[in-house]
Structure formats: C-alpha cells, structure tokens
$ cat entry-v2.txt   # compact mmCIF, C-alpha atoms
# COMPACT_ATOMS: atom_id res chain seq x y z
CA MET Q 41 50.90 -37.61 17.51
CA TYR Q 42 49.58 -35.81 14.42
CA TYR Q 43 51.57 -33.30 12.46
CA TYR Q 44 49.66 -30.60 10.56
CA ASP Q 45 50.81 -28.52 7.64
CA ARG Q 46 49.90 -25.02 8.82
CA ASN Q 47 49.97 -23.65 5.27
CA ALA Q 48 47.62 -26.38 4.08
CA ILE Q 49 45.23 -25.70 6.95
CA GLY Q 50 45.28 -22.00 6.20
CA LEU Q 51 44.50 -22.59 2.55
CA ALA Q 52 41.68 -24.98 3.43
CA LEU Q 53 40.12 -22.50 5.85
CA HIS Q 54 40.42 -19.75 3.28
CA PHE Q 55 38.76 -21.99 0.67
CA VAL Q 56 35.85 -22.84 3.00
CA ALA Q 57 35.39 -19.18 3.89
CA GLY Q 58 35.31 -18.33 0.20
CA LEU Q 59 32.66 -20.94 -0.46
CA LYS Q 60 30.56 -19.62 2.41
CA ALA Q 61 30.87 -16.03 1.23
CA GLY Q 62 30.01 -16.99 -2.33
CA SER Q 63 26.97 -18.91 -1.13
CA GLU Q 64 25.80 -15.96 0.97
CA GLU Q 65 26.26 -13.56 -1.95
CA ALA Q 66 24.29 -15.85 -4.26
CA GLU Q 67 21.52 -16.18 -1.68
CA LEU Q 68 21.43 -12.40 -1.23
CA ALA Q 69 21.23 -11.89 -5.00
CA ARG Q 70 18.29 -14.31 -5.18
CA TYR Q 71 16.61 -12.52 -2.28
CA ASP Q 72 17.17 -9.10 -3.83
CA LYS Q 73 15.70 -10.23 -7.17
CA GLY Q 74 12.71 -11.87 -5.51
CA HIS Q 75 12.18 -8.85 -3.25
CA LYS Q 76 12.38 -6.47 -6.21
CA ASP Q 77 9.86 -8.52 -8.21
CA THR Q 78 7.49 -8.65 -5.23
CA THR Q 79 7.76 -4.89 -4.69
CA ARG Q 80 7.13 -4.18 -8.38
CA ARG Q 81 4.09 -6.46 -8.26
CA HIS Q 82 2.80 -4.61 -5.20
CA ILE Q 83 3.17 -1.20 -6.86
CA ILE Q 84 1.30 -2.44 -9.95
CA ASP Q 85 -1.53 -3.83 -7.81
CA VAL Q 86 -1.92 -0.58 -5.85
CA ALA Q 87 -1.79 1.54 -9.03
CA SER Q 88 -4.24 -0.78 -10.76
CA SER Q 89 -6.86 -0.28 -8.06
CA GLN Q 90 -6.32 3.48 -7.83
CA PHE Q 91 -6.35 4.03 -11.61
CA ARG Q 92 -9.60 2.12 -12.06
CA GLU Q 93 -11.33 3.78 -9.15
CA SER Q 94 -10.15 7.39 -9.58
CA GLY Q 95 -8.73 7.62 -13.10
CA ILE Q 96 -5.15 7.75 -14.32
CA ALA Q 97 -4.85 11.55 -14.44
CA ALA Q 98 -6.24 12.00 -10.92
CA VAL Q 99 -3.78 9.60 -9.32
CA GLY Q 100 -0.28 10.82 -8.46
CA LEU Q 101 2.84 8.78 -7.85
CA ALA Q 102 3.03 10.05 -4.26
CA GLY Q 103 -0.41 8.60 -3.50
CA ILE Q 104 0.44 5.26 -5.08
CA MET Q 105 3.71 4.92 -3.19
CA ALA Q 106 2.16 6.04 0.09
CA GLU Q 107 -0.53 3.37 -0.14
CA ALA Q 108 2.12 0.84 -1.14
CA GLY Q 109 4.09 1.77 1.99
CA LEU Q 110 7.14 2.86 -0.02
CA THR Q 111 9.09 6.06 -0.54
CA ASN Q 112 8.76 8.13 -3.71
CA GLY Q 113 12.40 7.48 -4.51
CA ALA Q 114 11.79 3.72 -4.55
CA PHE Q 115 9.43 4.16 -7.52
CA TYR Q 116 12.28 4.79 -9.95
CA THR Q 117 13.93 1.51 -9.03
CA HIS Q 118 11.06 -0.21 -10.82
CA PHE Q 119 9.66 2.23 -13.40
CA ALA Q 120 11.15 4.93 -15.61
CA SER Q 121 8.10 7.21 -15.38
CA LYS Q 122 4.40 7.29 -14.58
CA GLU Q 123 3.69 6.45 -18.23
CA ASP Q 124 5.88 3.38 -17.90
CA LEU Q 125 3.79 2.35 -14.89
CA VAL Q 126 0.55 3.03 -16.79
CA ARG Q 127 1.64 0.66 -19.59
CA ALA Q 128 2.67 -2.00 -17.10
CA VAL Q 129 -0.66 -1.72 -15.28
CA LEU Q 130 -2.72 -1.87 -18.48
CA LEU Q 131 -0.86 -4.93 -19.74
CA ASP Q 132 -1.20 -6.67 -16.38
CA MET Q 133 -4.92 -5.92 -15.97
CA LEU Q 134 -5.79 -6.89 -19.54
CA GLU Q 135 -3.73 -10.08 -19.37
CA ARG Q 136 -5.76 -11.06 -16.32
CA ARG Q 137 -9.01 -10.34 -18.18
CA GLU Q 138 -7.71 -12.35 -21.13
CA GLN Q 139 -6.95 -15.28 -18.84
CA ARG Q 140 -10.49 -15.10 -17.46
CA HIS Q 141 -11.82 -15.43 -21.01
CA ARG Q 142 -9.56 -18.44 -21.60
CA ASP Q 143 -10.72 -20.02 -18.34
CA ASN Q 144 -14.36 -19.44 -19.33
CA ILE Q 145 -13.78 -21.18 -22.66
CA ASP Q 146 -11.90 -24.07 -21.04
CA ASN Q 147 -14.62 -24.51 -18.41
CA GLY Q 148 -17.47 -24.25 -20.90
CA VAL Q 149 -18.96 -21.10 -19.39
CA ALA Q 150 -21.70 -19.81 -21.71
CA LEU Q 151 -21.19 -16.40 -23.30
CA GLU Q 152 -24.60 -15.33 -21.99
CA THR Q 153 -23.37 -15.95 -18.45
CA VAL Q 154 -20.24 -13.89 -19.13
CA ILE Q 155 -22.29 -11.00 -20.53
CA ARG Q 156 -24.76 -10.90 -17.65
CA ASP Q 157 -21.95 -11.08 -15.09
CA TYR Q 158 -20.14 -8.21 -16.82
CA LEU Q 159 -23.31 -6.08 -16.95
CA SER Q 160 -24.22 -6.65 -13.31
CA LEU Q 161 -24.72 -4.12 -10.53
CA ARG Q 162 -21.87 -5.81 -8.68
CA HIS Q 163 -19.48 -5.02 -11.53
CA ARG Q 164 -20.91 -1.52 -11.90
CA ASP Q 165 -20.23 -0.78 -8.25
CA GLY Q 166 -16.81 -2.47 -8.19
CA ALA Q 167 -14.80 -0.25 -10.52
CA ALA Q 168 -11.58 -0.66 -8.52
CA THR Q 169 -11.51 -4.40 -9.23
CA GLY Q 170 -13.47 -4.48 -12.49
CA CYS Q 171 -12.75 -4.34 -16.20
CA PRO Q 172 -9.86 -1.95 -16.98
CA ALA Q 173 -11.16 -1.24 -20.49
CA ALA Q 174 -14.46 0.16 -19.19
CA ALA Q 175 -12.73 2.08 -16.40
CA LEU Q 176 -9.91 3.62 -18.44
CA VAL Q 177 -10.66 3.53 -22.17
CA SER Q 178 -11.54 7.22 -22.46
CA GLU Q 179 -8.25 8.19 -20.79
CA VAL Q 180 -6.13 5.73 -22.75
CA ALA Q 181 -7.27 7.46 -25.95
CA ARG Q 182 -5.31 10.53 -24.85
CA HIS Q 183 -2.10 8.73 -23.92
CA PRO Q 184 1.05 8.37 -26.07
CA LYS Q 185 1.08 5.91 -28.95
CA PRO Q 186 3.18 3.21 -27.18
CA THR Q 187 0.59 3.04 -24.40
CA ARG Q 188 -2.29 2.85 -26.87
CA GLN Q 189 -0.44 0.15 -28.83
CA ALA Q 190 -0.04 -1.94 -25.68
CA PHE Q 191 -3.75 -1.48 -24.96
CA THR Q 192 -4.69 -2.32 -28.56
CA GLY Q 193 -2.72 -5.55 -28.58
CA LYS Q 194 -4.38 -6.96 -25.48
CA VAL Q 195 -7.88 -5.82 -26.48
CA SER Q 196 -7.39 -7.53 -29.85
CA ASP Q 197 -6.52 -10.76 -28.03
CA ILE Q 198 -9.67 -10.49 -25.89
CA LEU Q 199 -11.83 -9.82 -28.96
CA ALA Q 200 -10.40 -12.90 -30.68
CA LEU Q 201 -11.26 -15.05 -27.67
CA MET Q 202 -14.76 -13.60 -27.49
CA ALA Q 203 -15.25 -14.37 -31.19
CA LYS Q 204 -14.46 -18.02 -30.44
CA GLN Q 205 -17.44 -18.11 -28.09
CA MET Q 206 -19.84 -16.83 -30.75
CA PRO Q 207 -22.15 -19.57 -32.03
CA ASP Q 208 -22.29 -20.22 -35.78
CA GLY Q 209 -21.15 -17.91 -38.56
CA SER Q 210 -17.89 -17.54 -40.44
CA PRO Q 211 -14.76 -16.40 -38.58
CA ALA Q 212 -15.23 -12.89 -40.01
CA GLU Q 213 -18.88 -12.79 -38.91
CA ARG Q 214 -18.06 -14.00 -35.40
CA GLN Q 215 -15.30 -11.40 -35.15
CA ARG Q 216 -17.72 -8.65 -36.24
CA ARG Q 217 -20.23 -9.71 -33.60
CA ALA Q 218 -17.46 -9.78 -30.99
CA HIS Q 219 -16.62 -6.16 -31.82
CA VAL Q 220 -20.23 -5.09 -31.37
CA VAL Q 221 -20.80 -7.09 -28.19
CA TYR Q 222 -17.58 -5.91 -26.52
CA SER Q 223 -18.31 -2.30 -27.42
CA THR Q 224 -21.85 -2.67 -26.06
CA LEU Q 225 -20.57 -4.09 -22.78
CA ILE Q 226 -18.02 -1.34 -22.23
CA GLY Q 227 -20.34 1.50 -23.24
CA ALA Q 228 -23.25 0.26 -21.14
CA LEU Q 229 -21.07 -0.22 -18.07
CA GLN Q 230 -19.60 3.27 -18.43
CA LEU Q 231 -23.03 4.85 -18.86
CA SER Q 232 -24.49 2.97 -15.89
CA ARG Q 233 -21.68 4.31 -13.71
CA ALA Q 234 -22.18 7.87 -14.92
CA VAL Q 235 -25.91 8.21 -14.19
CA SER Q 236 -27.02 9.11 -10.66
CA ASP Q 237 -30.34 7.24 -10.86
CA ARG Q 238 -29.67 3.67 -9.69
CA GLN Q 239 -32.89 2.31 -11.21
CA LEU Q 240 -31.93 3.80 -14.58
CA ALA Q 241 -28.46 2.30 -14.23
CA GLU Q 242 -29.97 -1.13 -13.60
CA GLU Q 243 -32.26 -0.79 -16.63
CA ILE Q 244 -29.34 0.24 -18.84
CA LEU Q 245 -27.38 -2.82 -17.75
CA ALA Q 246 -30.28 -5.25 -18.19
CA ASP Q 247 -31.33 -3.92 -21.59
CA ALA Q 248 -27.76 -3.84 -22.87
CA ALA Q 249 -27.23 -7.42 -21.71
CA ASP Q 250 -30.34 -8.58 -23.62
CA ALA Q 251 -29.17 -6.76 -26.74
CA ALA Q 252 -25.60 -8.08 -26.47
CA ILE Q 253 -26.82 -11.66 -26.06
CA ALA Q 254 -29.08 -11.31 -29.09
CA ILE Q 255 -26.18 -9.98 -31.18
CA ALA Q 256 -23.88 -12.75 -29.96
CA ASN Q 257 -26.46 -15.33 -31.04
CA GLY Q 258 -26.67 -13.76 -34.48
CA GLY Q 259 -29.89 -11.86 -33.90
$ encode --input "entry-v2.txt" --output "structure tokens"
Amino acid sequence: MYYYDRNAIGLALHFVAGLKAGSEEAELARYDKGHKDTTRRHIIDVASSQFRESGIAAVGLAGIMAEAGLTNGAFYTHFASKEDLVRAVLLDMLERREQRHRDNIDNGVALETVIRDYLSLRHRDGAATGCPAAALVSEVARHPKPTRQAFTGKVSDILALMAKQMPDGSPAERQRRAHVVYSTLIGALQLSRAVSDRQLAEEILADAADAAIAIANGG
C-alpha cells in the first residue's frame, strides 16, 4: 500500500501546469513575433511592387492593404505613417540592388554584362520588379529629408560598388566614372519608358549602353 502526501501532489501538479503554461506563452510570443515580421515583410513587398509600377503618390494605403489581404487598421501595427513605409520600402529595394552588385563582383560578372542587362527591353517593361532608383528617383526628390537621406545612403553604397568594377584609374577617377555611368543608366531607362515609340525606346537603350560601357572603360 502506498501513502501519498496530498499537499505534495497538489504542489507538483501546480508546478507542472505552470511549466506548461509558461511554455505555451513563450511559444505564442515566438509565433506572434514571427507572424508580425512575416506580415511586415508582405506589406513591404506589395508596396514595393505598387510604388515602382504606379508611383508613390498614386498609391494609397487602402490599395496596398487590400492587395496584401489585410485591414487598413493593421497597417499601423507595423508602420507609423505612409512616409515610414516609403522609407522602409526604399531601404529594402536598394539593399537588394546592392546585394546584386556584390553578387556580381563575387561571381566575376563583367560590368558590360550588368550595363546591358540593366538597359534591356525586359527591364524597361518590368518596372514593378526593376530598379527602384529609376522608377522612383523623381518622386524621392520631393520627399522629406529623412527619406532622401535613406535613399542617399544606399545609392552611395551602390556607387562605391560600381566604382570597384571600373577597370584602371585612381579611386577618385573610378568613382567619377561610376557617377556618370549610373546616371546614364537611370536616365536612359526613364526616358525609354516615357516614349511611346518602342523602336525609339530600344535605340535609346542600346545607344546609352554603348556610351556607358565606353565611359566605364575610360573612353
């Protein structure tokens, strides 16, 4: 026959229940954090595509949240304002472009290949997934200083990486050529998208690519 201390059993059961509850709370907290991060990522991705395709000013929060499958009220769980979202989107898009430049350098992709891919009809016609600088630079110029500072910092990083791909020349000379080449790429892509004549658009892209490659090579 076994004799049990009822008080001891009660304390043990209470302790086990406490451990279980604590574990469930911790698991829920991890889920909530992961879910919140995933939702924020989804909003940024939707806004990124809409901003590039239609422009920042033309896109409203209601449209972004509707496409994201979320309520308008959920927006303010993740962002303080539309401008806060704009900065987050710009930083995210430009960081991805920066990583592409790093990958190109690491994989030995020639700068000429990068230039011709950038100034391609595929990129011209794919604004929603293309370069954010070309799609949004004219609008960013009219945004508040903190947004322009965020944009400036990432563009400066991209220019520095592009300068590394320039053959020959002093660091200052390579940086100067990077400024000219990057400006040529963005301007040509914008102009090719603006004209209604597709043949003219193709000529603009091809001629700008030739000129950018010549500049990059020191010509």
$ closest_residue --input "entry-v2.txt" --among "Q:Asp237, Q:Glu138, Q:Asp77, Q:Glu152" --to "Gly193 (chain Q)" --atoms "all atoms listed in the file"
Q:Glu138
$ atom_distance --input "entry-v2.txt" --atom1 "CA of Arg127 (chain Q)" --atom2 "CA of Thr187 (chain Q)"
5.5 Å
$ atom_distance --input "entry-v2.txt" --atom1 "CA of Ala173 (chain Q)" --atom2 "CA of Val220 (chain Q)"
14.7 Å
$ atom_distance --input "entry-v2.txt" --atom1 "CA of Ala175 (chain Q)" --atom2 "CA of Ile96 (chain Q)"
9.7 Å
$ residues_near_point --input "entry-v2.txt" --point "(-15.8, -11.1, -33.6)" --cutoff "12 Å" --atoms "only C-alpha atoms" --output "number ranges by chain"
Q: 195-223, 255-258
$ closest_residue --input "entry-v2.txt" --among "Q:Ala98, Q:Ala114, Q:Leu130, Q:Ala254" --to "Ala190 (chain Q)" --atoms "only C-alpha atoms"
Q:Leu130
$ residues_around --input "entry-v2.txt" --residues "Glu243 (chain Q)" --least-positions-apart "4" --cutoff "12 Å" --atoms "all atoms listed in the file" --output "PyMOL selection string"
chain Q and resi 159-161+228-229+231-232+235+237-239+247-250
$ write_last_selection --input "entry-v2.txt" --atoms "C-alpha atoms" --output "short mmCIF file (atom, residue, chain, number, x, y, z; two decimals), in the coordinates of the input"
data_model
loop_
_atom_site.label_atom_id
_atom_site.label_comp_id
_atom_site.auth_asym_id
_atom_site.auth_seq_id
_atom_site.Cartn_x
_atom_site.Cartn_y
_atom_site.Cartn_z
CA LEU Q 159 -23.31 -6.08 -16.95
CA SER Q 160 -24.22 -6.65 -13.31
CA LEU Q 161 -24.72 -4.12 -10.53
CA ALA Q 228 -23.25 0.26 -21.14
CA LEU Q 229 -21.07 -0.22 -18.07
CA LEU Q 231 -23.03 4.85 -18.86
CA SER Q 232 -24.49 2.97 -15.89
CA VAL Q 235 -25.91 8.21 -14.19
CA ASP Q 237 -30.34 7.24 -10.86
CA ARG Q 238 -29.67 3.67 -9.69
CA GLN Q 239 -32.89 2.31 -11.21
CA ASP Q 247 -31.33 -3.92 -21.59
CA ALA Q 248 -27.76 -3.84 -22.87
CA ALA Q 249 -27.23 -7.42 -21.71
CA ASP Q 250 -30.34 -8.58 -23.62
#
$ residues_around --input "entry-v2.txt" --residues "Glu93 (chain Q)" --least-positions-apart "6" --cutoff "9 Å" --atoms "all atoms listed in the file" --output "MDAnalysis selection string"
chainID Q and resid 166:169 175
$ write_last_selection --input "entry-v2.txt" --atoms "C-alpha atoms" --output "mmCIF file, in the coordinates of the input"
data_model
loop_
_atom_site.group_PDB
_atom_site.id
_atom_site.type_symbol
_atom_site.label_atom_id
_atom_site.label_comp_id
_atom_site.auth_asym_id
_atom_site.auth_seq_id
_atom_site.Cartn_x
_atom_site.Cartn_y
_atom_site.Cartn_z
ATOM 1 C CA GLY Q 166 -16.810 -2.470 -8.190
ATOM 2 C CA ALA Q 167 -14.800 -0.250 -10.520
ATOM 3 C CA ALA Q 168 -11.580 -0.660 -8.520
ATOM 4 C CA THR Q 169 -11.510 -4.400 -9.230
ATOM 5 C CA ALA Q 175 -12.730 2.080 -16.400
#
$ closest_residue --input "entry-v2.txt" --among "Q:Arg164, Q:His183, Q:His82, Q:Arg142" --to "Asp124 (chain Q)" --atoms "all atoms listed in the file"
Q:His183
$ closest_residue --input "entry-v2.txt" --among "Q:Arg233, Q:His141, Q:Arg92, Q:Arg188" --to "Thr153 (chain Q)" --atoms "all atoms listed in the file"
Q:His141
$ closest_residue --input "entry-v2.txt" --among "Q:Gly259, Q:Gly100, Q:Gly113, Q:Gly148" --to "Leu125 (chain Q)" --atoms "only C-alpha atoms"
Q:Gly100
$ closest_residue --input "entry-v2.txt" --among "Q:Ala181, Q:Leu176, Q:Leu101, Q:Ala241" --to "Phe119 (chain Q)" --atoms "all atoms listed in the file"
Q:Leu101
$ build_atoms --input "entry-v2.txt" --residues "region 114-136 of chain Q" --atoms "N, CA and C atoms" --output "PDB file, in the frame of the given file"
ATOM      1  N   ALA Q 114      11.776   5.144  -4.212  1.00  0.00           N
ATOM      2  CA  ALA Q 114      11.790   3.720  -4.550  1.00  0.00           C
ATOM      3  C   ALA Q 114      11.078   3.449  -5.881  1.00  0.00           C
ATOM      4  N   PHE Q 115      10.191   4.360  -6.278  1.00  0.00           N
ATOM      5  CA  PHE Q 115       9.430   4.160  -7.520  1.00  0.00           C
ATOM      6  C   PHE Q 115      10.361   3.970  -8.709  1.00  0.00           C
ATOM      7  N   TYR Q 116      11.418   4.779  -8.770  1.00  0.00           N
ATOM      8  CA  TYR Q 116      12.280   4.790  -9.950  1.00  0.00           C
ATOM      9  C   TYR Q 116      13.251   3.603  -9.996  1.00  0.00           C
ATOM     10  N   THR Q 117      13.205   2.772  -8.977  1.00  0.00           N
ATOM     11  CA  THR Q 117      13.930   1.510  -9.030  1.00  0.00           C
ATOM     12  C   THR Q 117      13.196   0.519  -9.934  1.00  0.00           C
ATOM     13  N   HIS Q 118      11.895   0.752 -10.104  1.00  0.00           N
ATOM     14  CA  HIS Q 118      11.060  -0.210 -10.820  1.00  0.00           C
ATOM     15  C   HIS Q 118      10.483   0.326 -12.130  1.00  0.00           C
ATOM     16  N   PHE Q 119      10.293   1.645 -12.214  1.00  0.00           N
ATOM     17  CA  PHE Q 119       9.660   2.230 -13.400  1.00  0.00           C
ATOM     18  C   PHE Q 119      10.387   3.507 -13.801  1.00  0.00           C
ATOM     19  N   ALA Q 120      10.454   3.749 -15.110  1.00  0.00           N
ATOM     20  CA  ALA Q 120      11.150   4.930 -15.610  1.00  0.00           C
ATOM     21  C   ALA Q 120      10.325   6.199 -15.450  1.00  0.00           C
ATOM     22  N   SER Q 121       8.998   6.052 -15.438  1.00  0.00           N
ATOM     23  CA  SER Q 121       8.100   7.210 -15.380  1.00  0.00           C
ATOM     24  C   SER Q 121       6.702   6.730 -15.029  1.00  0.00           C
ATOM     25  N   LYS Q 122       5.796   7.664 -14.818  1.00  0.00           N
ATOM     26  CA  LYS Q 122       4.400   7.290 -14.580  1.00  0.00           C
ATOM     27  C   LYS Q 122       3.831   6.600 -15.810  1.00  0.00           C
ATOM     28  N   GLU Q 123       4.205   7.071 -17.005  1.00  0.00           N
ATOM     29  CA  GLU Q 123       3.690   6.450 -18.230  1.00  0.00           C
ATOM     30  C   GLU Q 123       4.157   5.015 -18.352  1.00  0.00           C
ATOM     31  N   ASP Q 124       5.363   4.743 -17.926  1.00  0.00           N
ATOM     32  CA  ASP Q 124       5.880   3.380 -17.900  1.00  0.00           C
ATOM     33  C   ASP Q 124       5.027   2.515 -16.980  1.00  0.00           C
ATOM     34  N   LEU Q 125       4.663   3.065 -15.826  1.00  0.00           N
ATOM     35  CA  LEU Q 125       3.790   2.350 -14.890  1.00  0.00           C
ATOM     36  C   LEU Q 125       2.409   2.136 -15.498  1.00  0.00           C
ATOM     37  N   VAL Q 126       1.876   3.149 -16.163  1.00  0.00           N
ATOM     38  CA  VAL Q 126       0.550   3.030 -16.790  1.00  0.00           C
ATOM     39  C   VAL Q 126       0.543   1.858 -17.776  1.00  0.00           C
ATOM     40  N   ARG Q 127       1.574   1.759 -18.617  1.00  0.00           N
ATOM     41  CA  ARG Q 127       1.640   0.660 -19.590  1.00  0.00           C
ATOM     42  C   ARG Q 127       1.713  -0.688 -18.878  1.00  0.00           C
ATOM     43  N   ALA Q 128       2.538  -0.743 -17.840  1.00  0.00           N
ATOM     44  CA  ALA Q 128       2.670  -2.000 -17.100  1.00  0.00           C
ATOM     45  C   ALA Q 128       1.348  -2.406 -16.458  1.00  0.00           C
ATOM     46  N   VAL Q 129       0.636  -1.438 -15.915  1.00  0.00           N
ATOM     47  CA  VAL Q 129      -0.660  -1.720 -15.280  1.00  0.00           C
ATOM     48  C   VAL Q 129      -1.683  -2.169 -16.307  1.00  0.00           C
ATOM     49  N   LEU Q 130      -1.762  -1.487 -17.436  1.00  0.00           N
ATOM     50  CA  LEU Q 130      -2.720  -1.870 -18.480  1.00  0.00           C
ATOM     51  C   LEU Q 130      -2.459  -3.284 -18.969  1.00  0.00           C
ATOM     52  N   LEU Q 131      -1.202  -3.594 -19.249  1.00  0.00           N
ATOM     53  CA  LEU Q 131      -0.860  -4.930 -19.740  1.00  0.00           C
ATOM     54  C   LEU Q 131      -1.221  -5.991 -18.694  1.00  0.00           C
ATOM     55  N   ASP Q 132      -0.914  -5.711 -17.443  1.00  0.00           N
ATOM     56  CA  ASP Q 132      -1.200  -6.670 -16.380  1.00  0.00           C
ATOM     57  C   ASP Q 132      -2.699  -6.892 -16.228  1.00  0.00           C
ATOM     58  N   MET Q 133      -3.472  -5.812 -16.176  1.00  0.00           N
ATOM     59  CA  MET Q 133      -4.920  -5.920 -15.970  1.00  0.00           C
ATOM     60  C   MET Q 133      -5.582  -6.644 -17.147  1.00  0.00           C
ATOM     61  N   LEU Q 134      -5.168  -6.290 -18.366  1.00  0.00           N
ATOM     62  CA  LEU Q 134      -5.790  -6.890 -19.540  1.00  0.00           C
ATOM     63  C   LEU Q 134      -5.366  -8.344 -19.716  1.00  0.00           C
ATOM     64  N   GLU Q 135      -4.147  -8.677 -19.328  1.00  0.00           N
ATOM     65  CA  GLU Q 135      -3.730 -10.080 -19.370  1.00  0.00           C
ATOM     66  C   GLU Q 135      -4.571 -10.917 -18.406  1.00  0.00           C
ATOM     67  N   ARG Q 136      -4.906 -10.337 -17.266  1.00  0.00           N
ATOM     68  CA  ARG Q 136      -5.760 -11.060 -16.320  1.00  0.00           C
ATOM     69  C   ARG Q 136      -7.169 -11.253 -16.877  1.00  0.00           C
TER      70      ARG Q 136
END
